[in-house]
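**Q** I'm passing along input_25.cif; it holds mmCIF, C-alpha atoms.
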data_upload
#
loop_
_atom_site.label_atom_id
_atom_site.label_comp_id
_atom_site.auth_asym_id
_atom_site.auth_seq_id
_atom_site.Cartn_x
_atom_site.Cartn_y
_atom_site.Cartn_z
CA MET F 1 -5.18 25.42 -18.22
CA ILE F 2 -2.86 22.37 -18.21
CA LEU F 3 -0.95 22.24 -14.92
CA ASN F 4 1.50 19.61 -16.16
CA PRO F 5 2.97 20.06 -19.67
CA GLU F 6 3.43 16.28 -19.91
CA TYR F 7 -0.24 15.62 -19.10
CA ASP F 8 -1.14 14.66 -22.68
CA VAL F 9 1.65 12.07 -22.73
CA PHE F 10 0.32 10.48 -19.55
CA THR F 11 -3.32 10.41 -20.64
CA ALA F 12 -2.35 8.92 -23.99
CA GLN F 13 -1.42 5.74 -22.17
CA GLY F 14 -5.07 5.32 -21.20
CA ASP F 15 -5.69 2.03 -19.46
CA SER F 16 -2.25 0.58 -20.31
CA HIS F 17 -1.20 0.93 -16.65
CA ILE F 18 2.50 0.68 -17.46
CA SER F 19 4.77 0.01 -14.48
CA SER F 20 8.51 -0.37 -14.89
CA SER F 21 9.79 -0.79 -11.33
CA ALA F 22 9.03 -2.09 -7.86
CA GLU F 23 9.74 1.44 -6.63
CA THR F 24 6.89 3.90 -6.29
CA PRO F 25 7.34 6.47 -9.10
CA LEU F 26 8.37 9.71 -7.41
CA LYS F 27 9.88 12.94 -8.68
CA LYS F 28 13.40 13.76 -7.54
CA ASP F 29 12.16 16.86 -5.73
CA ALA F 30 9.19 15.09 -4.13
CA PHE F 31 10.10 16.14 -0.58
CA LEU F 32 11.57 19.61 -1.01
CA LYS F 33 8.28 21.16 0.08
CA SER F 34 7.05 20.84 3.64
CA ASP F 35 3.86 18.98 4.45
CA ASP F 36 2.20 22.30 5.28
CA GLU F 37 3.11 23.70 1.85
CA LYS F 38 1.71 20.62 0.14
CA ILE F 39 -1.52 20.83 2.13
CA GLN F 40 -1.94 24.50 1.17
CA ASN F 41 -1.38 23.77 -2.52
CA ILE F 42 -3.62 20.70 -2.64
CA GLU F 43 -6.34 22.66 -0.85
CA LYS F 44 -6.28 25.24 -3.67
CA TYR F 45 -6.35 22.59 -6.40
CA PHE F 46 -9.13 20.60 -4.78
CA PHE F 47 -11.15 23.79 -4.36
CA LEU F 48 -10.88 24.22 -8.14
CA ILE F 49 -12.00 20.62 -8.75
CA MET F 50 -15.05 21.01 -6.53
CA ASP F 51 -15.85 24.38 -8.06
CA GLU F 52 -15.58 22.91 -11.56
CA LEU F 53 -18.04 20.20 -10.55
CA GLY F 54 -20.50 22.96 -9.73
CA LEU F 55 -20.50 22.58 -5.95
CA ASP F 56 -21.31 25.61 -3.80
CA LEU F 57 -18.20 26.05 -1.68
CA THR F 58 -19.85 28.73 0.44
CA ASP F 59 -22.13 26.07 1.94
CA ASP F 60 -21.24 25.24 5.55
CA SER F 61 -21.00 21.53 4.74
CA LEU F 62 -18.55 22.03 1.85
CA LYS F 63 -16.38 25.05 2.57
CA GLY F 64 -13.92 23.12 4.74
CA THR F 65 -13.70 20.13 2.41
CA PRO F 66 -10.70 21.23 0.29
CA TYR F 67 -8.57 21.58 3.42
CA ARG F 68 -9.83 18.33 4.92
CA VAL F 69 -9.03 16.44 1.71
CA ALA F 70 -5.58 18.04 1.43
CA LYS F 71 -4.71 17.18 5.03
CA MET F 72 -6.01 13.63 4.57
CA PHE F 73 -3.89 13.14 1.44
CA VAL F 74 -0.64 14.37 2.97
CA SER F 75 -0.95 13.30 6.61
CA GLU F 76 -2.98 10.11 6.36
CA ILE F 77 -3.78 8.04 3.28
CA PHE F 78 -0.64 8.99 1.32
CA SER F 79 1.73 9.39 4.27
CA GLY F 80 3.63 6.29 3.15
CA LEU F 81 5.12 8.26 0.26
CA ASN F 82 7.44 10.11 2.63
CA PRO F 83 10.49 8.08 3.76
CA ALA F 84 10.44 10.09 6.99
CA ASN F 85 7.34 8.13 7.95
CA LYS F 86 8.95 4.74 7.41
CA PRO F 87 8.57 2.68 10.59
CA SER F 88 11.64 2.05 12.69
CA ILE F 89 12.14 -1.70 12.78
CA SER F 90 14.26 -3.48 15.35
CA VAL F 91 15.25 -7.10 14.95
CA PHE F 92 16.33 -9.47 17.68
CA GLU F 93 18.48 -12.53 17.92
CA ASN F 94 16.49 -15.73 17.69
CA LYS F 95 17.65 -16.92 21.12
CA TYR F 96 14.85 -19.42 21.51
CA GLN F 97 16.05 -21.24 18.39
CA TYR F 98 12.61 -21.32 16.78
CA ASN F 99 13.40 -22.52 13.28
CA LYS F 100 9.93 -23.20 11.89
CA MET F 101 7.57 -20.91 10.05
CA LEU F 102 6.08 -17.82 11.68
CA VAL F 103 2.86 -16.51 10.12
CA GLU F 104 1.19 -13.16 10.73
CA SER F 105 -2.16 -13.34 8.96
CA ASN F 106 -5.22 -11.18 8.40
CA ILE F 107 -3.30 -7.90 8.55
CA THR F 108 -5.88 -5.32 7.48
CA PHE F 109 -4.87 -2.40 5.28
CA SER F 110 -6.35 0.48 3.31
CA SER F 111 -4.60 1.69 0.18
CA SER F 112 -5.45 3.65 -2.96
CA CYS F 113 -5.38 2.62 -6.60
CA GLU F 114 -2.90 4.87 -8.39
CA HIS F 115 -4.91 4.67 -11.62
CA HIS F 116 -8.15 6.16 -10.26
CA PHE F 117 -7.30 7.22 -6.68
CA LEU F 118 -10.06 5.00 -5.32
CA PRO F 119 -9.68 2.81 -2.22
CA ILE F 120 -8.22 -0.68 -2.06
CA ILE F 121 -9.35 -2.46 1.09
CA GLY F 122 -7.80 -5.77 2.00
CA ARG F 123 -5.72 -8.12 4.08
CA ALA F 124 -2.12 -9.26 3.95
CA HIS F 125 -0.65 -12.55 5.15
CA VAL F 126 3.08 -12.75 5.85
CA GLY F 127 5.26 -15.70 6.74
CA TYR F 128 8.97 -16.09 7.33
CA ILE F 129 11.50 -18.60 8.59
CA SER F 130 14.17 -17.06 10.78
CA SER F 131 17.79 -17.10 9.64
CA GLY F 132 18.85 -15.99 13.12
CA LYS F 133 16.83 -12.77 13.33
CA VAL F 134 13.26 -12.18 14.47
CA ILE F 135 11.03 -9.14 14.27
CA GLY F 136 8.32 -7.86 16.61
CA LEU F 137 4.92 -8.94 15.34
CA SER F 138 3.48 -5.42 15.24
CA LYS F 139 6.37 -4.32 13.03
CA ILE F 140 5.13 -6.61 10.27
CA ASN F 141 1.78 -4.81 10.44
CA ARG F 142 3.57 -1.47 10.31
CA VAL F 143 5.51 -2.47 7.19
CA VAL F 144 2.27 -3.43 5.45
CA ASP F 145 0.60 -0.19 6.55
CA TYR F 146 3.55 1.95 5.40
CA TYR F 147 3.58 0.59 1.86
CA ALA F 148 -0.22 0.65 1.66
CA ARG F 149 -0.40 4.37 2.48
CA ARG F 150 0.43 5.64 -0.99
CA PRO F 151 -1.09 5.49 -4.46
CA GLN F 152 -0.47 1.85 -5.25
CA VAL F 153 -0.58 -1.07 -7.63
CA GLN F 154 -1.28 -4.22 -5.64
CA GLU F 155 1.47 -6.19 -7.38
CA ARG F 156 4.03 -3.51 -6.51
CA MET F 157 2.86 -3.28 -2.91
CA THR F 158 3.29 -7.05 -2.51
CA VAL F 159 6.85 -6.91 -3.83
CA GLN F 160 7.72 -3.87 -1.70
CA ILE F 161 6.60 -5.62 1.50
CA PHE F 162 8.57 -8.72 0.51
CA GLN F 163 11.74 -6.77 -0.27
CA GLU F 164 11.55 -4.72 2.94
CA LEU F 165 11.21 -7.82 5.12
CA LYS F 166 13.94 -9.61 3.18
CA GLU F 167 16.34 -6.75 3.90
CA VAL F 168 15.33 -6.38 7.55
CA LEU F 169 15.38 -10.10 8.37
CA ASP F 170 18.38 -10.88 6.14
CA THR F 171 16.70 -13.90 4.61
CA GLU F 172 15.00 -15.01 1.38
CA ASP F 173 12.69 -17.29 3.35
CA ILE F 174 9.68 -14.98 3.19
CA ILE F 175 6.22 -15.19 1.67
CA VAL F 176 3.72 -12.34 1.26
CA VAL F 177 0.11 -12.69 0.12
CA VAL F 178 -2.13 -9.66 -0.42
CA GLU F 179 -5.88 -9.83 -0.97
CA GLY F 180 -7.57 -6.61 -2.06
CA ALA F 181 -11.04 -5.39 -2.96
CA HIS F 182 -10.61 -2.57 -5.48
CA MET F 183 -13.20 0.20 -5.53
CA CYS F 184 -12.11 1.11 -9.06
CA VAL F 185 -13.63 -2.26 -10.04
CA SER F 186 -16.66 -2.26 -7.75
CA THR F 187 -17.82 1.38 -8.03
CA ARG F 188 -16.99 2.25 -11.66
CA GLY F 189 -16.33 0.53 -14.98
CA ILE F 190 -17.56 -3.04 -14.69
CA ASN F 191 -19.14 -2.37 -11.25
CA ASP F 192 -18.32 -5.85 -9.98
CA LYS F 193 -19.05 -5.93 -6.26
CA SER F 194 -17.74 -9.41 -5.46
CA SER F 195 -14.31 -9.83 -7.05
CA LEU F 196 -11.12 -10.01 -4.99
CA THR F 197 -7.57 -9.61 -6.28
CA THR F 198 -4.84 -11.83 -4.83
CA THR F 199 -1.09 -11.36 -5.32
CA LEU F 200 1.89 -13.14 -3.80
CA GLU F 201 5.66 -13.02 -3.66
CA TYR F 202 7.97 -15.56 -2.07
CA GLY F 203 11.52 -16.84 -2.06
CA GLY F 204 14.01 -19.13 -0.36
CA LYS F 205 12.46 -22.12 1.39
CA PHE F 206 9.00 -21.04 0.25
CA LEU F 207 9.96 -22.10 -3.26
CA ASN F 208 9.26 -25.58 -1.89
CA GLN F 209 5.64 -26.40 -2.66
CA GLY F 210 5.18 -28.36 0.57
CA ILE F 211 6.28 -25.43 2.73
CA ARG F 212 4.04 -23.07 0.75
CA SER F 213 1.14 -25.46 1.28
CA ASP F 214 1.77 -25.41 5.02
CA PHE F 215 1.66 -21.61 4.94
CA PHE F 216 -1.61 -21.49 3.04
CA GLN F 217 -3.10 -24.08 5.37
CA MET F 218 -2.17 -21.95 8.39
CA VAL F 219 -3.71 -18.86 6.78
CA SER F 220 -6.85 -20.81 5.89
CA GLU F 221 -7.23 -22.06 9.47
CA THR F 222 -6.78 -18.55 10.84
CA LYS F 223 -9.55 -17.24 8.57
CA LYS F 224 -11.93 -19.74 10.15
CA ILE F 225 -11.16 -18.36 13.60
CA VAL F 226 -11.27 -14.63 12.85
#
As a first step, turn the structure in this file into C-alpha coordinates.

**A**
Amino acid sequence: MILNPEYDVFTAQGDSHISSSAETPLKKDAFLKSDDEKIQNIEKYFFLIMDELGLDLTDDSLKGTPYRVAKMFVSEIFSGLNPANKPSISVFENKYQYNKMLVESNITFSSSCEHHFLPIIGRAHVGYISSGKVIGLSKINRVVDYYARRPQVQERMTVQIFQELKEVLDTEDIIVVVEGAHMCVSTRGINDKSSLTTTLEYGGKFLNQGIRSDFFQMVSETKKIV
(Lines of atoms letter the chains of each structure in order from A and count residues from 1; the text may use other names and numbers.)
(Lines give C-alpha, C1' and ligand atoms only; values in the text may rest on other atoms or scores of the structure.)
Protein backbone atom coordinates (compact mmCIF):
# COMPACT_ATOMS: atom_id res chain seq x y z
CA MET A 1 0.00 0.00 0.00
CA ILE A 2 1.38 3.43 -1.00
CA LEU A 3 -0.09 6.11 1.27
CA ASN A 4 1.10 8.97 -0.92
CA PRO A 5 0.62 8.65 -4.72
CA GLU A 6 3.60 10.95 -5.25
CA TYR A 7 5.88 8.78 -3.09
CA ASP A 8 7.81 7.37 -6.06
CA VAL A 9 8.56 10.89 -7.30
CA PHE A 10 10.00 11.84 -3.91
CA THR A 11 12.11 8.70 -3.49
CA ALA A 12 13.49 9.09 -7.01
CA GLN A 13 15.35 12.16 -5.81
CA GLY A 14 17.38 9.92 -3.51
CA ASP A 15 20.15 11.83 -1.79
CA SER A 16 19.77 14.95 -3.97
CA HIS A 17 18.27 16.84 -0.99
CA ILE A 18 16.74 19.52 -3.19
CA SER A 19 15.60 22.66 -1.37
CA SER A 20 14.09 25.59 -3.22
CA SER A 21 13.14 28.03 -0.46
CA ALA A 22 13.98 29.36 2.99
CA GLU A 23 10.43 28.42 3.96
CA THR A 24 9.75 25.02 5.48
CA PRO A 25 7.87 23.00 2.81
CA LEU A 26 4.31 22.63 4.09
CA LYS A 27 1.06 21.60 2.45
CA LYS A 28 -1.63 24.25 2.15
CA ASP A 29 -3.93 22.25 4.41
CA ALA A 30 -1.22 21.49 6.98
CA PHE A 31 -3.22 22.85 9.93
CA LEU A 32 -6.81 21.96 9.08
CA LYS A 33 -6.63 18.97 11.42
CA SER A 34 -6.39 19.44 15.16
CA ASP A 35 -3.35 18.28 17.09
CA ASP A 36 -5.45 15.49 18.62
CA GLU A 37 -6.46 14.25 15.16
CA LYS A 38 -2.85 14.25 14.03
CA ILE A 39 -1.74 12.35 17.12
CA GLN A 40 -4.43 9.71 16.54
CA ASN A 41 -3.43 9.26 12.89
CA ILE A 42 0.31 9.16 13.55
CA GLU A 43 -0.28 6.63 16.33
CA LYS A 44 -1.96 4.30 13.81
CA TYR A 45 0.80 4.74 11.23
CA PHE A 46 3.60 4.25 13.73
CA PHE A 47 1.87 1.11 15.02
CA LEU A 48 2.07 -0.22 11.46
CA ILE A 49 5.77 0.66 11.21
CA MET A 50 6.59 -1.12 14.45
CA ASP A 51 4.44 -4.09 13.48
CA GLU A 52 6.19 -4.30 10.10
CA LEU A 53 9.54 -4.38 11.89
CA GLY A 54 8.32 -7.46 13.71
CA LEU A 55 7.94 -5.95 17.17
CA ASP A 56 5.42 -7.46 19.58
CA LEU A 57 3.08 -4.58 20.33
CA THR A 58 1.27 -6.56 23.02
CA ASP A 59 4.40 -6.34 25.19
CA ASP A 60 3.98 -3.97 28.13
CA SER A 61 7.12 -2.06 27.16
CA LEU A 62 5.98 -1.45 23.56
CA LYS A 63 2.21 -1.17 23.49
CA GLY A 64 2.18 2.51 24.46
CA THR A 65 5.01 3.49 22.11
CA PRO A 66 2.94 4.46 19.03
CA TYR A 67 0.98 6.98 21.10
CA ARG A 68 4.09 8.30 22.85
CA VAL A 69 5.86 8.82 19.51
CA ALA A 70 2.81 10.50 17.97
CA LYS A 71 2.42 12.88 20.90
CA MET A 72 6.15 13.64 20.86
CA PHE A 73 6.06 14.45 17.14
CA VAL A 74 3.09 16.81 17.32
CA SER A 75 3.48 18.41 20.74
CA GLU A 76 7.24 18.49 21.19
CA ILE A 77 9.96 17.93 18.60
CA PHE A 78 7.91 19.14 15.60
CA SER A 79 5.83 21.76 17.41
CA GLY A 80 7.67 24.51 15.52
CA LEU A 81 5.79 23.59 12.36
CA ASN A 82 2.62 25.18 13.69
CA PRO A 83 2.56 29.01 13.47
CA ALA A 84 0.30 29.01 16.53
CA ASN A 85 3.36 28.02 18.55
CA LYS A 86 5.48 30.91 17.30
CA PRO A 87 6.82 32.83 20.31
CA SER A 88 5.40 36.25 21.01
CA ILE A 89 8.28 38.68 20.76
CA SER A 90 8.22 42.17 22.24
CA VAL A 91 10.84 44.74 21.35
CA PHE A 92 11.78 47.80 23.35
CA GLU A 93 13.21 51.19 22.62
CA ASN A 94 16.96 51.31 23.07
CA LYS A 95 16.73 54.04 25.73
CA TYR A 96 20.20 53.38 27.10
CA GLN A 97 21.69 54.20 23.69
CA TYR A 98 23.80 51.05 23.55
CA ASN A 99 25.05 51.09 19.97
CA LYS A 100 27.65 48.31 20.03
CA MET A 101 27.26 44.62 19.34
CA LEU A 102 25.13 42.37 21.54
CA VAL A 103 25.95 38.66 21.40
CA GLU A 104 23.87 35.78 22.74
CA SER A 105 26.06 32.70 22.42
CA ASN A 106 25.91 28.99 23.18
CA ILE A 107 22.14 28.73 22.68
CA THR A 108 21.49 24.99 22.80
CA PHE A 109 18.92 23.43 20.49
CA SER A 110 17.61 20.06 19.36
CA SER A 111 16.28 19.65 15.84
CA SER A 112 15.64 16.86 13.36
CA CYS A 113 17.14 16.21 9.94
CA GLU A 114 14.31 16.27 7.41
CA HIS A 115 16.09 13.71 5.22
CA HIS A 116 16.25 10.90 7.78
CA PHE A 117 14.26 12.22 10.78
CA LEU A 118 17.28 11.78 13.03
CA PRO A 119 18.36 14.33 15.66
CA ILE A 120 20.53 17.39 15.11
CA ILE A 121 22.03 18.57 18.38
CA GLY A 122 23.85 21.87 18.49
CA ARG A 123 24.38 25.45 19.51
CA ALA A 124 23.53 28.78 17.94
CA HIS A 125 25.32 32.10 18.36
CA VAL A 126 23.46 35.31 17.53
CA GLY A 127 24.67 38.89 17.39
CA TYR A 128 22.99 42.15 16.46
CA ILE A 129 23.58 45.88 16.55
CA SER A 130 20.52 47.86 17.58
CA SER A 131 18.93 50.25 15.11
CA GLY A 132 16.81 51.67 17.94
CA LYS A 133 15.10 48.46 19.04
CA VAL A 134 16.22 45.80 21.50
CA ILE A 135 14.83 42.38 22.30
CA GLY A 136 14.70 40.42 25.55
CA LEU A 137 17.57 37.96 25.68
CA SER A 138 15.37 34.91 26.28
CA LYS A 139 13.38 35.77 23.15
CA ILE A 140 16.44 35.10 21.01
CA ASN A 141 16.61 31.62 22.55
CA ARG A 142 12.91 31.14 21.85
CA VAL A 143 13.33 32.08 18.19
CA VAL A 144 16.11 29.52 17.82
CA ASP A 145 14.03 26.87 19.60
CA TYR A 146 10.95 27.57 17.47
CA TYR A 147 12.72 27.10 14.15
CA ALA A 148 14.65 24.08 15.45
CA ARG A 149 11.46 22.23 16.41
CA ARG A 150 10.61 20.97 12.94
CA PRO A 151 12.14 18.68 10.34
CA GLN A 152 15.03 20.86 9.23
CA VAL A 153 17.98 21.52 6.99
CA GLN A 154 20.62 23.38 8.98
CA GLU A 155 21.19 25.95 6.23
CA ARG A 156 17.47 26.76 6.13
CA MET A 157 17.22 26.99 9.90
CA THR A 158 20.09 29.49 9.97
CA VAL A 159 18.41 31.69 7.37
CA GLN A 160 15.02 31.45 9.10
CA ILE A 161 16.47 32.65 12.41
CA PHE A 162 18.26 35.50 10.62
CA GLN A 163 15.14 36.60 8.73
CA GLU A 164 12.93 36.46 11.83
CA LEU A 165 15.31 38.63 13.86
CA LYS A 166 15.78 41.02 10.94
CA GLU A 167 12.01 41.56 10.78
CA VAL A 168 11.55 41.86 14.54
CA LEU A 169 14.50 44.19 15.14
CA ASP A 170 14.04 46.13 11.89
CA THR A 171 17.71 45.95 11.02
CA GLU A 172 20.10 44.12 8.68
CA ASP A 173 22.84 44.27 11.32
CA ILE A 174 22.46 40.65 12.42
CA ILE A 175 24.68 37.59 12.37
CA VAL A 176 23.63 33.99 13.08
CA VAL A 177 25.97 31.02 13.42
CA VAL A 178 24.66 27.48 13.91
CA GLU A 179 26.83 24.50 14.86
CA GLY A 180 25.18 21.09 14.64
CA ALA A 181 26.08 17.46 15.21
CA HIS A 182 23.96 15.39 12.82
CA MET A 183 22.96 11.89 13.90
CA CYS A 184 22.29 11.01 10.25
CA VAL A 185 26.07 11.32 9.82
CA SER A 186 27.19 9.80 13.12
CA THR A 187 24.78 6.84 13.44
CA ARG A 188 24.29 5.75 9.81
CA GLY A 189 26.01 6.03 6.43
CA ILE A 190 29.59 7.12 7.05
CA ASN A 191 29.20 6.74 10.86
CA ASP A 192 31.48 9.69 11.58
CA LYS A 193 31.23 10.47 15.28
CA SER A 194 33.34 13.63 15.38
CA SER A 195 32.24 15.93 12.56
CA LEU A 196 30.39 19.19 13.21
CA THR A 197 28.48 21.25 10.65
CA THR A 198 28.68 25.05 10.84
CA THR A 199 26.46 27.49 8.94
CA LEU A 200 26.16 31.26 9.10
CA GLU A 201 24.11 34.14 7.76
CA TYR A 202 24.78 37.84 8.23
CA GLY A 203 24.05 41.25 6.80
CA GLY A 204 24.39 44.99 7.32
CA LYS A 205 27.38 46.03 9.43
CA PHE A 206 28.44 42.39 9.76
CA LEU A 207 29.49 42.48 6.12
CA ASN A 208 32.51 44.30 7.53
CA GLN A 209 35.19 41.70 8.21
CA GLY A 210 36.48 43.53 11.28
CA ILE A 211 33.06 43.54 12.95
CA ARG A 212 32.58 39.86 12.09
CA SER A 213 35.97 39.12 13.62
CA ASP A 214 34.92 40.87 16.82
CA PHE A 215 31.80 38.70 16.92
CA PHE A 216 33.71 35.46 16.46
CA GLN A 217 36.22 36.54 19.09
CA MET A 218 33.41 37.14 21.58
CA VAL A 219 31.88 33.74 20.81
CA SER A 220 35.29 32.08 21.15
CA GLU A 221 35.88 33.70 24.55
CA THR A 222 32.45 32.62 25.76
CA LYS A 223 33.17 29.00 24.81
CA LYS A 224 36.20 29.08 27.10
CA ILE A 225 34.01 30.12 30.02
CA VAL A 226 31.08 27.76 29.51

**Q** Would you mind listing what lies within 9 Å of Glu155 in chain F as a list in words, with only C-alpha atoms counted and same-chain residues fewer than 5 positions away left out?

**A**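 Selected residues are Ala22, Gln160, Val178, Thr198, Thr199, Leu200 and Glu201 of chain F.
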
**Q** Please enumerate the residues selected by the PyMOL selection byres ((chain F and resi 97) around 10) when evaluated against the supplied file, formatted as JSON, numbers by chain.

**A** {"F": [93, 94, 95, 96, 98, 99, 100, 130, 131, 132, 133]}

**Q** Set the distance at 10 Å and use all atoms listed in the file: which residues neighbour range 27-40 of chain F once local chain neighbours fewer than 3 positions away are removed? I'd like the list as a PyMOL selection string.

**A** chain F and resi 24+43-45+66-75+79+81-84

**Q** Name all residues at most 12 Å from Glu167 in chain F (count all atoms listed in the file; drop same-chain ones fewer than 5 positions away) and give them as a list in words.

**A**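 Within the cut-off, the hits are Ile89, Val91, Ser131, Lys133, Ile135, Gln160, Ile161, Phe162, Glu172, Asp173 and Ile174 of chain F.
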
**Q** With C-alpha atoms kept, could you save the residues just selected as a PDB file, in the coordinates of the input?

**A**
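Wrote selection_14.pdb, looks like this:
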ATOM      1  CA  ILE F  89      12.140  -1.700  12.780  1.00  0.00           C
ATOM      2  CA  VAL F  91      15.250  -7.100  14.950  1.00  0.00           C
ATOM      3  CA  SER F 131      17.790 -17.100   9.640  1.00  0.00           C
ATOM      4  CA  LYS F 133      16.830 -12.770  13.330  1.00  0.00           C
ATOM      5  CA  ILE F 135      11.030  -9.140  14.270  1.00  0.00           C
ATOM      6  CA  GLN F 160       7.720  -3.870  -1.700  1.00  0.00           C
ATOM      7  CA  ILE F 161       6.600  -5.620   1.500  1.00  0.00           C
ATOM      8  CA  PHE F 162       8.570  -8.720   0.510  1.00  0.00           C
ATOM      9  CA  GLU F 172      15.000 -15.010   1.380  1.00  0.00           C
ATOM     10  CA  ASP F 173      12.690 -17.290   3.350  1.00  0.00           C
ATOM     11  CA  ILE F 174       9.680 -14.980   3.190  1.00  0.00           C
TER      12      ILE F 174
END

**Q** So which one's closest to Phe206 in chain F, F:Ile190, F:Ile129, F:Val143, F:Met183? Using all atoms listed in the file, please.

**A**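 Looking at the shortest contact to Phe206 in chain F, the residue is F:Ile129.
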
**Q** Which residues come within 8 Å of Phe215 in chain F, counting only C-alpha atoms, excluding same-chain residues fewer than 2 positions away, as number ranges by chain?

**A** F: 101, 103, 127, 211-213, 217-219

**Q** Please compute the CA of Pro151 in chain F-CA of Glu179 in chain F distance, one decimal, in Å.

**A**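 Atom-to-atom, CA of Pro151 in chain F to CA of Glu179 in chain F, that is 16.4 Å.
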
**Q** Please enumerate the residues selected by the PyMOL selection byres ((chain F and resi 107) around 9) when evaluated against the supplied file, formatted as a VMD selection string.

**A** chain F and resid 104 to 106 108 to 109 122 to 126 140 to 141 144 to 145

**Q** Expressed in Å to a single decimal, how great is the separation between CA of Glu76 in chain F and CA of Val134 in chain F?

**A**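 Straight-line distance from CA of Glu76 in chain F to CA of Val134 in chain F works out to 28.7 Å.
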
**Q** Have a look at CA of Leu55 in chain F and CA of His115 in chain F and let me know their distance in Å, one decimal.

**A** 24.4 Å

**Q** Mind working out the centre and edge lengths of an axis-aligned box for range 32-39 of chain F, all listed atoms inside, 6 Å added to each side, rounded to one decimal in Å and written as lines of an AutoDock Vina configuration file?

**A**
center_x = 5.0
center_y = 21.3
center_z = 2.1
size_x = 25.1
size_y = 16.7
size_z = 18.3

**Q** Set the distance at 7 Å and use all atoms listed in the file: which residues neighbour Ser112 in chain F once local chain neighbours fewer than 6 positions away are removed? I'd like the list as a ChimeraX atom specification.

**A** /F:118-120,150-152

**Q** Go through F:Asp170, F:Glu221, F:Glu114, F:Asp59 one by one, measure the shortest atom-to-atom distance of each to Gly204 in chain F using all atoms listed in the file, and give the residue with the smallest value.

**A**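 Smallest distance to Gly204 in chain F is found for F:Asp170.
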